[in-house]
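The file structure-v5.txt comes next; it holds compact mmCIF, C-alpha atoms.
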# COMPACT_ATOMS: atom_id res chain seq x y z
CA MET A 15 0.00 0.00 0.00
CA SER A 16 2.74 2.44 0.97
CA PHE A 17 4.43 1.70 -2.35
CA TRP A 18 1.44 2.97 -4.36
CA VAL A 19 1.12 6.11 -2.23
CA ALA A 20 4.86 6.79 -2.62
CA LEU A 21 4.62 6.10 -6.38
CA LEU A 22 1.72 8.58 -6.69
CA ILE A 23 3.68 11.26 -4.78
CA TYR A 24 6.78 10.54 -6.85
CA LEU A 25 4.88 10.76 -10.15
CA LEU A 26 3.25 14.04 -9.07
CA PHE A 27 6.70 15.39 -8.20
CA MET A 28 8.12 14.28 -11.54
CA GLY A 29 5.15 15.81 -13.38
CA GLY A 30 5.71 19.16 -11.66
CA TYR A 31 9.46 18.92 -12.18
CA TRP A 32 9.25 18.20 -15.90
CA PHE A 33 6.65 20.91 -16.33
CA PHE A 34 9.28 23.43 -15.17
CA VAL A 35 12.08 21.76 -17.16
CA TRP A 36 10.02 21.94 -20.37
CA SER A 37 9.00 25.51 -19.54
CA ILE A 38 12.66 26.50 -19.36
CA HIS A 39 13.34 24.63 -22.60
CA TRP A 40 10.34 26.30 -24.28
CA HIS A 41 11.48 29.77 -23.16
CA ALA A 42 14.99 29.09 -24.45
CA ARG A 43 13.71 27.83 -27.81
CA GLU A 44 11.23 30.68 -28.16
CA TYR A 45 13.35 33.64 -27.12
CA ILE A 46 17.03 32.74 -27.55
CA MET A 47 18.38 33.11 -31.09
CA PRO A 48 19.42 29.79 -32.72
CA ASN A 49 22.97 31.05 -33.32
CA ASP A 50 23.32 32.30 -29.75
CA PRO A 51 26.52 30.88 -28.19
CA SER A 52 24.74 30.30 -24.85
CA SER A 53 22.06 27.95 -26.19
CA TRP A 54 24.21 24.92 -25.23
CA ILE A 55 23.55 25.73 -21.54
CA THR A 56 19.89 24.74 -21.96
CA ASP A 57 20.95 21.46 -23.63
CA VAL A 58 23.27 20.72 -20.69
CA PHE A 59 20.36 21.38 -18.33
CA LEU A 60 17.99 19.08 -20.24
CA VAL A 61 20.52 16.24 -20.33
CA SER A 62 21.37 16.67 -16.62
CA ALA A 63 17.66 16.72 -15.67
CA ALA A 64 17.03 13.58 -17.76
CA VAL A 65 20.01 11.70 -16.28
CA LEU A 66 19.04 12.63 -12.70
CA SER A 67 15.42 11.66 -13.37
CA ILE A 68 16.46 8.20 -14.64
CA ILE A 69 18.74 7.73 -11.60
CA SER A 70 15.97 8.79 -9.21
CA LEU A 71 13.52 6.43 -10.96
CA GLY A 72 15.98 3.58 -10.55
CA LEU A 73 16.54 4.44 -6.89
CA PHE A 74 12.79 4.75 -6.26
CA PHE A 75 12.26 1.07 -7.05
CA THR A 76 15.00 0.10 -4.58
CA LEU A 77 13.15 1.80 -1.73
CA PRO A 78 11.98 -0.66 0.94
CA LEU A 79 8.23 -0.08 0.51
CA ALA A 80 5.42 -2.59 1.06
CA PHE A 81 2.96 -3.28 -1.81
CA MET B 19 23.31 45.63 -30.10
CA VAL B 20 22.00 43.19 -27.49
CA LEU B 21 22.84 43.89 -23.86
CA HIS B 22 22.58 41.39 -21.03
CA ARG B 23 23.28 41.90 -17.37
CA HIS B 24 26.92 41.27 -16.49
CA TRP B 25 27.72 37.60 -15.73
CA ILE B 26 28.74 38.49 -12.16
CA VAL B 27 25.05 39.11 -11.34
CA VAL B 28 24.04 35.53 -12.20
CA VAL B 29 27.24 33.96 -10.87
CA ALA B 30 26.57 35.54 -7.45
CA LYS B 31 23.03 34.09 -7.35
CA ILE B 32 24.13 30.63 -8.55
CA ALA B 33 27.04 30.63 -6.08
CA ALA B 34 24.55 31.35 -3.27
CA ILE B 35 22.41 28.34 -4.32
CA ILE B 36 25.50 26.08 -4.55
CA PHE B 37 26.68 27.32 -1.15
CA ILE B 38 23.29 26.42 0.40
CA PHE B 39 23.53 23.00 -1.28
CA LEU B 40 27.06 22.35 0.00
CA PHE B 41 26.16 23.63 3.46
CA SER B 42 23.21 21.22 3.60
CA LEU B 43 25.59 18.32 2.86
CA ILE B 44 26.92 18.73 6.42
CA ILE B 45 23.92 16.64 7.47
CA ILE B 46 25.43 13.48 5.86
CA PRO B 47 28.54 13.12 8.12
CA LEU B 48 26.28 14.18 11.01
CA LEU B 49 23.88 11.30 10.30
CA ILE B 50 26.79 8.85 9.97
CA SER B 51 28.35 9.99 13.26
CA MET B 52 24.98 9.61 15.04
CA ASP B 53 24.50 6.07 13.59
CA PHE B 54 21.26 7.09 11.83
CA LEU B 55 22.56 6.11 8.40
CA VAL B 56 22.42 2.34 8.79
CA ALA B 57 22.84 0.06 5.77
CA GLU B 58 19.06 -0.20 5.12
CA LEU B 59 18.70 3.56 4.92
CA VAL B 60 21.51 4.19 2.43
CA GLY B 61 19.18 3.54 -0.55
CA PRO B 62 16.42 5.95 0.59
CA ALA B 63 19.07 8.54 1.56
CA LEU B 64 20.58 8.29 -1.91
CA PHE B 65 17.13 8.62 -3.50
CA PHE B 66 16.33 11.80 -1.54
CA PHE B 67 19.80 13.16 -2.29
CA VAL B 68 19.21 12.75 -6.05
CA VAL B 69 15.77 14.40 -5.76
CA TYR B 70 17.40 17.25 -3.81
CA LEU B 71 20.06 17.55 -6.55
CA MET B 72 17.29 17.74 -9.17
CA LEU B 73 15.65 20.63 -7.29
CA ILE B 74 18.97 22.47 -6.94
CA LEU B 75 19.59 22.03 -10.68
CA LEU B 76 16.12 23.37 -11.47
CA MET B 77 16.67 26.40 -9.22
CA ILE B 78 20.02 27.16 -10.90
CA PHE B 79 18.49 27.03 -14.37
CA LEU B 80 15.47 29.09 -13.36
CA VAL B 81 17.90 31.76 -12.17
CA TRP B 82 19.91 31.43 -15.40
CA ILE B 83 16.93 31.65 -17.77
CA ASN B 84 15.56 34.69 -15.89
CA TYR B 85 18.99 36.29 -16.16
CA TYR B 86 19.56 35.44 -19.78
CA LEU B 87 16.15 36.46 -21.09
CA ASP B 88 16.44 39.81 -19.35
CA SER B 89 17.95 41.91 -22.10
CA TRP B 90 18.02 45.23 -23.92
CA ILE B 91 18.17 45.58 -27.68
CA ILE B 92 19.51 48.85 -29.05
CA THR B 93 18.68 49.43 -32.71
CA THR B 94 19.18 52.49 -34.88
CA ASP B 95 15.55 53.49 -34.18
CA ARG B 96 14.65 52.40 -30.69
CA VAL B 97 15.62 50.76 -27.41
CA ILE B 98 13.70 47.59 -26.55
CA ASP B 99 13.67 46.58 -22.89
CA ILE B 100 12.83 42.91 -22.29
CA ASP B 101 12.24 42.32 -18.61
CA GLN B 102 11.92 38.67 -17.63
CA LYS B 103 10.60 39.12 -14.09
CA SER B 104 9.99 35.40 -13.54
CA LEU B 105 9.53 32.32 -15.73
CA PHE B 106 5.94 33.21 -16.64
CA TYR B 107 6.11 36.99 -16.32
CA ARG B 108 7.71 38.81 -19.23
CA GLU B 109 7.44 42.52 -19.90
CA VAL B 110 8.60 44.14 -23.17
CA SER B 111 8.73 47.92 -23.49
CA GLU B 112 10.40 50.20 -26.01
CA PHE B 113 10.96 53.82 -26.81
CA MET B 114 12.13 55.69 -29.89
CA LEU B 115 15.63 57.16 -29.90
CA ASP B 116 14.32 60.55 -31.06
CA ARG B 117 12.83 61.00 -27.59
CA VAL B 118 16.21 60.65 -25.87
CA GLU B 119 17.39 63.83 -24.17
CA ASP B 120 20.52 62.64 -22.38
CA VAL B 121 22.34 59.42 -21.52
CA THR B 122 24.21 58.91 -18.25
CA VAL B 123 26.62 56.08 -17.51
CA GLU B 124 27.28 55.00 -13.91
CA VAL B 125 29.98 52.60 -12.72
CA PRO B 126 28.94 51.96 -9.12
CA GLY B 127 31.69 50.54 -6.94
CA ILE B 128 34.98 48.64 -7.01
CA LEU B 129 33.61 45.42 -8.53
CA ALA B 130 31.86 47.29 -11.33
CA THR B 131 35.07 49.23 -12.05
CA PHE B 132 37.22 46.11 -12.31
CA LEU B 133 34.69 44.00 -14.20
CA HIS B 134 33.66 46.84 -16.54
CA TYR B 135 29.92 46.95 -15.98
CA GLY B 136 27.47 49.58 -14.81
CA ASN B 137 24.13 51.30 -15.25
CA ILE B 138 22.91 53.38 -18.17
CA ARG B 139 20.28 56.02 -17.37
CA ILE B 140 18.41 57.38 -20.37
CA GLN B 141 16.33 60.51 -19.93
CA THR B 142 13.47 60.65 -22.42
CA ALA B 143 11.28 63.65 -23.17
CA GLY B 144 8.49 64.08 -20.65
CA GLU B 145 8.95 60.75 -18.93
CA LYS B 146 10.76 59.21 -15.98
CA PRO B 147 14.38 58.23 -16.72
CA PHE B 148 14.83 54.73 -18.09
CA THR B 149 17.64 52.80 -16.38
CA ILE B 150 19.46 49.67 -17.54
CA TYR B 151 21.17 48.05 -14.55
CA ASP B 152 24.41 46.02 -14.31
CA VAL B 153 25.22 45.67 -18.00
CA SER B 154 28.58 45.35 -19.68
CA HIS B 155 29.72 47.42 -22.72
CA ILE B 156 28.11 50.52 -21.22
CA TYR B 157 30.27 53.05 -23.06
CA GLU B 158 29.68 51.35 -26.40
CA ALA B 159 25.92 51.28 -25.72
CA LYS B 160 25.97 54.97 -24.81
CA ARG B 161 27.88 55.78 -27.99
CA ILE B 162 25.40 53.87 -30.17
CA ILE B 163 22.41 55.53 -28.51
CA LEU B 164 23.86 59.04 -28.84
CA GLU B 165 25.08 58.50 -32.42
CA ASN B 166 21.68 57.29 -33.56
CA THR B 167 19.88 59.98 -31.60
CA ASN B 168 22.00 62.64 -33.33
CA ARG B 169 21.57 61.00 -36.72
CA ARG B 170 17.81 61.04 -36.40
CA GLY B 171 17.97 64.79 -35.67
CA VAL B 172 15.48 66.81 -33.66
CA THR B 173 11.83 67.13 -34.48
CA THR B 174 10.26 70.39 -33.35
CA LEU B 175 6.81 70.67 -31.83
CA SER B 176 5.39 71.79 -35.15
CA GLY B 177 6.71 68.57 -36.73
CA THR B 178 9.53 70.18 -38.73
CA HIS B 179 12.60 67.97 -38.91
CA ILE B 180 15.77 70.00 -38.22
Encoded form (structure tokens):
Amino acid sequence: MSFWVALLIYLLFMGGYWFFVWSIHWHAREYIMPNDPSSWITDVFLVSAAVLSIISLGLFFTLPLAF
Amino acid sequence: MVLHRHWIVVVAKIAAIIFIFLFSLIIIPLLISMDFLVAELVGPALFFFVVYLMLILLMIFLVWINYYLDSWIITTDRVIDIDQKSLFYREVSEFMLDRVEDVTVEVPGILATFLHYGNIRIQTAGEKPFTIYDVSHIYEAKRIILENTNRRGVTTLSGTHI
């Protein structure tokens, strides 16, 4: 039972998190010029957020929670 | 010409976030010394650490995007002020260069002097002065504004271009 509650909380967190990540990405794509030398910073952010999300997902399923 | 705030402004904010993050890491040796971090809790601790890292990363990039999208564009006709107040609050205002009366450049303090940044205050006809804070290339920006203001000439009240 606690697993499903934790999963729901985790998915809500990830939903909120990725909403902000995509918002940042959208702002960068919309307002920063394509030839701007700083556009790589947004790519670094997206990759870092994706890597950390995958790691956290992996760690979530190792949590000692009862079904 | 596109002006952004000087990088020191964003570096100071990001350094503050990283400092808070590093300071909060003190809790880990504290938990180990108090025998709270037993083998069964290492997994959950690691999970919450990664989630915490994700939030710190998000905060850093929110600060960066707000900094980077805050800009001023100086063209031969007008100055466009793009004010990114927060992620979902953007304000764009502009004024024509023919309304410029005088341009003042300020270099406030030691750091600004060494890192070559400052404020540009533009007085426009009949309005409050317009100030651009903490930008680099201030003298070049002032020169471009004044050159284009002079090139456009002065229009009298009757509409005659002098």
May I have a table of the residues of chain A lying at most 7 Å from chain B, giving each one's closest pair of atoms and their distance in Å to one decimal, counting all atoms listed in the file, ordered by chain and ascending residue number, as a tab-separated table?
residue	atom	partner	partner_atom	distance
A:Ile38	CA	B:Ile83	CA	6.9
A:Ala63	CA	B:Met72	CA	6.6
A:Leu66	CA	B:Met72	CA	6.5
A:Ser70	CA	B:Phe65	CA	5.8
A:Leu73	CA	B:Phe65	CA	5.4
A:Phe74	CA	B:Phe65	CA	6.4
A:Thr76	CA	B:Gly61	CA	6.7
A:Leu77	CA	B:Pro62	CA	5.8
Output C-alpha atoms of each residue in that selection to a file, as a compact mmCIF listing (two decimals), in the coordinates of the input.
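Generated output (part31.txt):
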# COMPACT_ATOMS: atom_id res chain seq x y z
CA ILE A 38 12.66 26.50 -19.36
CA ALA A 63 17.66 16.72 -15.67
CA LEU A 66 19.04 12.63 -12.70
CA SER A 70 15.97 8.79 -9.21
CA LEU A 73 16.54 4.44 -6.89
CA PHE A 74 12.79 4.75 -6.26
CA THR A 76 15.00 0.10 -4.58
CA LEU A 77 13.15 1.80 -1.73
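What separates atom CA of Ala33 of chain B from atom CA of Ile74 of chain B is a distance of 11.5 Å.
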What is the atom CA of Asp53 of chain B-atom CA of Leu21 of chain A distance in Å, reported with one decimal? 28.2 Å
Nearby residues (all atoms listed in the file) at most 8 Å from Glu124 of chain B, same-chain spacing under 4 positions excluded, as a PyMOL selection string: chain B and resi 136-139
Would you place a box with edges along x, y and z of the file around all atoms of segment 54-69 of chain B listed there, add 6 Å to each of its six sides, and report the centre and edge lengths in Å to one decimal, as AutoDock Vina command-line options?
--center_x 19.3 --center_y 7.1 --center_z 2.9 --size_x 19.1 --size_y 26.6 --size_z 29.9
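For the choices B:Leu115, B:Val27, B:Val110, B:Leu21, the atom-to-atom distance to Leu129 of chain B is smallest for B:Val27 when using all atoms listed in the file.
Rounded to one decimal, atom CA of Ala130 of chain B and atom CA of Trp25 of chain B lie 11.4 Å from each other.
For the choices B:Asn168, B:Thr94, B:Ser89, B:Thr122, the atom-to-atom distance to Glu109 of chain B is smallest for B:Ser89 when using all atoms listed in the file.
Restricting the calculation to all atoms listed in the file, the smallest distance between His155 of chain B and any of B:Arg108, B:Ser51, B:Arg169, B:Arg23 is found for B:Arg23.
Minimum atom-to-atom distance to Ala64 of chain A, evaluated using all atoms listed in the file, belongs to A:Tyr31 out of A:Tyr31, A:Tyr24, A:Tyr45, A:Trp18.
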Kindly output segment 50-82 of chain B as a PDB file, in the coordinates of the input, after building N, CA and C atoms.
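File produced: rebuild.pdb:
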ATOM      1  N   ILE B  50      25.892  10.017   9.826  1.00  0.00           N
ATOM      2  CA  ILE B  50      26.790   8.850   9.970  1.00  0.00           C
ATOM      3  C   ILE B  50      27.339   8.792  11.393  1.00  0.00           C
ATOM      4  N   SER B  51      27.756   9.965  11.912  1.00  0.00           N
ATOM      5  CA  SER B  51      28.350   9.990  13.260  1.00  0.00           C
ATOM      6  C   SER B  51      27.308   9.635  14.338  1.00  0.00           C
ATOM      7  N   MET B  52      26.022   9.924  14.046  1.00  0.00           N
ATOM      8  CA  MET B  52      24.980   9.610  15.040  1.00  0.00           C
ATOM      9  C   MET B  52      24.357   8.226  14.810  1.00  0.00           C
ATOM     10  N   ASP B  53      24.956   7.432  13.898  1.00  0.00           N
ATOM     11  CA  ASP B  53      24.500   6.070  13.590  1.00  0.00           C
ATOM     12  C   ASP B  53      23.061   6.007  13.065  1.00  0.00           C
ATOM     13  N   PHE B  54      22.600   7.091  12.431  1.00  0.00           N
ATOM     14  CA  PHE B  54      21.260   7.090  11.830  1.00  0.00           C
ATOM     15  C   PHE B  54      21.295   6.437  10.447  1.00  0.00           C
ATOM     16  N   LEU B  55      22.472   6.588   9.781  1.00  0.00           N
ATOM     17  CA  LEU B  55      22.560   6.110   8.400  1.00  0.00           C
ATOM     18  C   LEU B  55      23.017   4.646   8.380  1.00  0.00           C
ATOM     19  N   VAL B  56      22.107   3.773   8.799  1.00  0.00           N
ATOM     20  CA  VAL B  56      22.420   2.340   8.790  1.00  0.00           C
ATOM     21  C   VAL B  56      22.289   1.824   7.360  1.00  0.00           C
ATOM     22  N   ALA B  57      22.774   0.619   7.134  1.00  0.00           N
ATOM     23  CA  ALA B  57      22.840   0.060   5.770  1.00  0.00           C
ATOM     24  C   ALA B  57      21.495   0.090   5.045  1.00  0.00           C
ATOM     25  N   GLU B  58      20.384  -0.141   5.770  1.00  0.00           N
ATOM     26  CA  GLU B  58      19.060  -0.200   5.120  1.00  0.00           C
ATOM     27  C   GLU B  58      18.606   1.186   4.643  1.00  0.00           C
ATOM     28  N   LEU B  59      19.153   2.213   5.262  1.00  0.00           N
ATOM     29  CA  LEU B  59      18.700   3.560   4.920  1.00  0.00           C
ATOM     30  C   LEU B  59      19.568   4.252   3.864  1.00  0.00           C
ATOM     31  N   VAL B  60      20.616   3.576   3.417  1.00  0.00           N
ATOM     32  CA  VAL B  60      21.510   4.190   2.430  1.00  0.00           C
ATOM     33  C   VAL B  60      20.760   4.417   1.109  1.00  0.00           C
ATOM     34  N   GLY B  61      19.971   3.429   0.695  1.00  0.00           N
ATOM     35  CA  GLY B  61      19.180   3.540  -0.550  1.00  0.00           C
ATOM     36  C   GLY B  61      18.222   4.725  -0.527  1.00  0.00           C
ATOM     37  N   PRO B  62      17.326   4.794   0.500  1.00  0.00           N
ATOM     38  CA  PRO B  62      16.420   5.950   0.590  1.00  0.00           C
ATOM     39  C   PRO B  62      17.168   7.283   0.681  1.00  0.00           C
ATOM     40  N   ALA B  63      18.286   7.296   1.431  1.00  0.00           N
ATOM     41  CA  ALA B  63      19.070   8.540   1.560  1.00  0.00           C
ATOM     42  C   ALA B  63      19.604   8.979   0.200  1.00  0.00           C
ATOM     43  N   LEU B  64      20.059   8.001  -0.569  1.00  0.00           N
ATOM     44  CA  LEU B  64      20.580   8.290  -1.910  1.00  0.00           C
ATOM     45  C   LEU B  64      19.468   8.805  -2.824  1.00  0.00           C
ATOM     46  N   PHE B  65      18.285   8.197  -2.700  1.00  0.00           N
ATOM     47  CA  PHE B  65      17.130   8.620  -3.500  1.00  0.00           C
ATOM     48  C   PHE B  65      16.777  10.084  -3.196  1.00  0.00           C
ATOM     49  N   PHE B  66      16.686  10.421  -1.897  1.00  0.00           N
ATOM     50  CA  PHE B  66      16.330  11.800  -1.540  1.00  0.00           C
ATOM     51  C   PHE B  66      17.444  12.778  -1.909  1.00  0.00           C
ATOM     52  N   PHE B  67      18.684  12.302  -1.882  1.00  0.00           N
ATOM     53  CA  PHE B  67      19.800  13.160  -2.290  1.00  0.00           C
ATOM     54  C   PHE B  67      19.688  13.506  -3.783  1.00  0.00           C
ATOM     55  N   VAL B  68      19.350  12.505  -4.595  1.00  0.00           N
ATOM     56  CA  VAL B  68      19.210  12.750  -6.050  1.00  0.00           C
ATOM     57  C   VAL B  68      18.033  13.696  -6.315  1.00  0.00           C
ATOM     58  N   VAL B  69      16.935  13.507  -5.597  1.00  0.00           N
ATOM     59  CA  VAL B  69      15.770  14.400  -5.760  1.00  0.00           C
ATOM     60  C   VAL B  69      16.164  15.836  -5.363  1.00  0.00           C
ATOM     61  N   TYR B  70      16.913  15.948  -4.278  1.00  0.00           N
ATOM     62  CA  TYR B  70      17.400  17.250  -3.810  1.00  0.00           C
ATOM     63  C   TYR B  70      18.308  17.896  -4.889  1.00  0.00           C
ATOM     64  N   LEU B  71      19.160  17.077  -5.485  1.00  0.00           N
ATOM     65  CA  LEU B  71      20.060  17.550  -6.550  1.00  0.00           C
ATOM     66  C   LEU B  71      19.255  18.048  -7.756  1.00  0.00           C
ATOM     67  N   MET B  72      18.157  17.336  -8.057  1.00  0.00           N
ATOM     68  CA  MET B  72      17.290  17.740  -9.170  1.00  0.00           C
ATOM     69  C   MET B  72      16.677  19.122  -8.896  1.00  0.00           C
ATOM     70  N   LEU B  73      16.250  19.335  -7.648  1.00  0.00           N
ATOM     71  CA  LEU B  73      15.650  20.630  -7.290  1.00  0.00           C
ATOM     72  C   LEU B  73      16.664  21.759  -7.355  1.00  0.00           C
ATOM     73  N   ILE B  74      17.889  21.466  -6.891  1.00  0.00           N
ATOM     74  CA  ILE B  74      18.970  22.470  -6.940  1.00  0.00           C
ATOM     75  C   ILE B  74      19.271  22.846  -8.391  1.00  0.00           C
ATOM     76  N   LEU B  75      19.331  21.813  -9.250  1.00  0.00           N
ATOM     77  CA  LEU B  75      19.590  22.030 -10.680  1.00  0.00           C
ATOM     78  C   LEU B  75      18.495  22.897 -11.302  1.00  0.00           C
ATOM     79  N   LEU B  76      17.251  22.595 -10.943  1.00  0.00           N
ATOM     80  CA  LEU B  76      16.120  23.370 -11.470  1.00  0.00           C
ATOM     81  C   LEU B  76      16.209  24.831 -11.021  1.00  0.00           C
ATOM     82  N   MET B  77      16.556  25.032  -9.742  1.00  0.00           N
ATOM     83  CA  MET B  77      16.670  26.400  -9.220  1.00  0.00           C
ATOM     84  C   MET B  77      17.758  27.176  -9.963  1.00  0.00           C
ATOM     85  N   ILE B  78      18.901  26.510 -10.195  1.00  0.00           N
ATOM     86  CA  ILE B  78      20.020  27.160 -10.900  1.00  0.00           C
ATOM     87  C   ILE B  78      19.580  27.581 -12.305  1.00  0.00           C
ATOM     88  N   PHE B  79      18.882  26.687 -13.003  1.00  0.00           N
ATOM     89  CA  PHE B  79      18.490  27.030 -14.370  1.00  0.00           C
ATOM     90  C   PHE B  79      17.341  28.012 -14.442  1.00  0.00           C
ATOM     91  N   LEU B  80      16.503  28.044 -13.411  1.00  0.00           N
ATOM     92  CA  LEU B  80      15.470  29.090 -13.360  1.00  0.00           C
ATOM     93  C   LEU B  80      16.132  30.464 -13.219  1.00  0.00           C
ATOM     94  N   VAL B  81      17.151  30.515 -12.350  1.00  0.00           N
ATOM     95  CA  VAL B  81      17.900  31.760 -12.170  1.00  0.00           C
ATOM     96  C   VAL B  81      18.583  32.150 -13.484  1.00  0.00           C
ATOM     97  N   TRP B  82      19.174  31.154 -14.153  1.00  0.00           N
ATOM     98  CA  TRP B  82      19.910  31.430 -15.400  1.00  0.00           C
ATOM     99  C   TRP B  82      18.972  31.929 -16.507  1.00  0.00           C
TER     100      TRP B  82
END
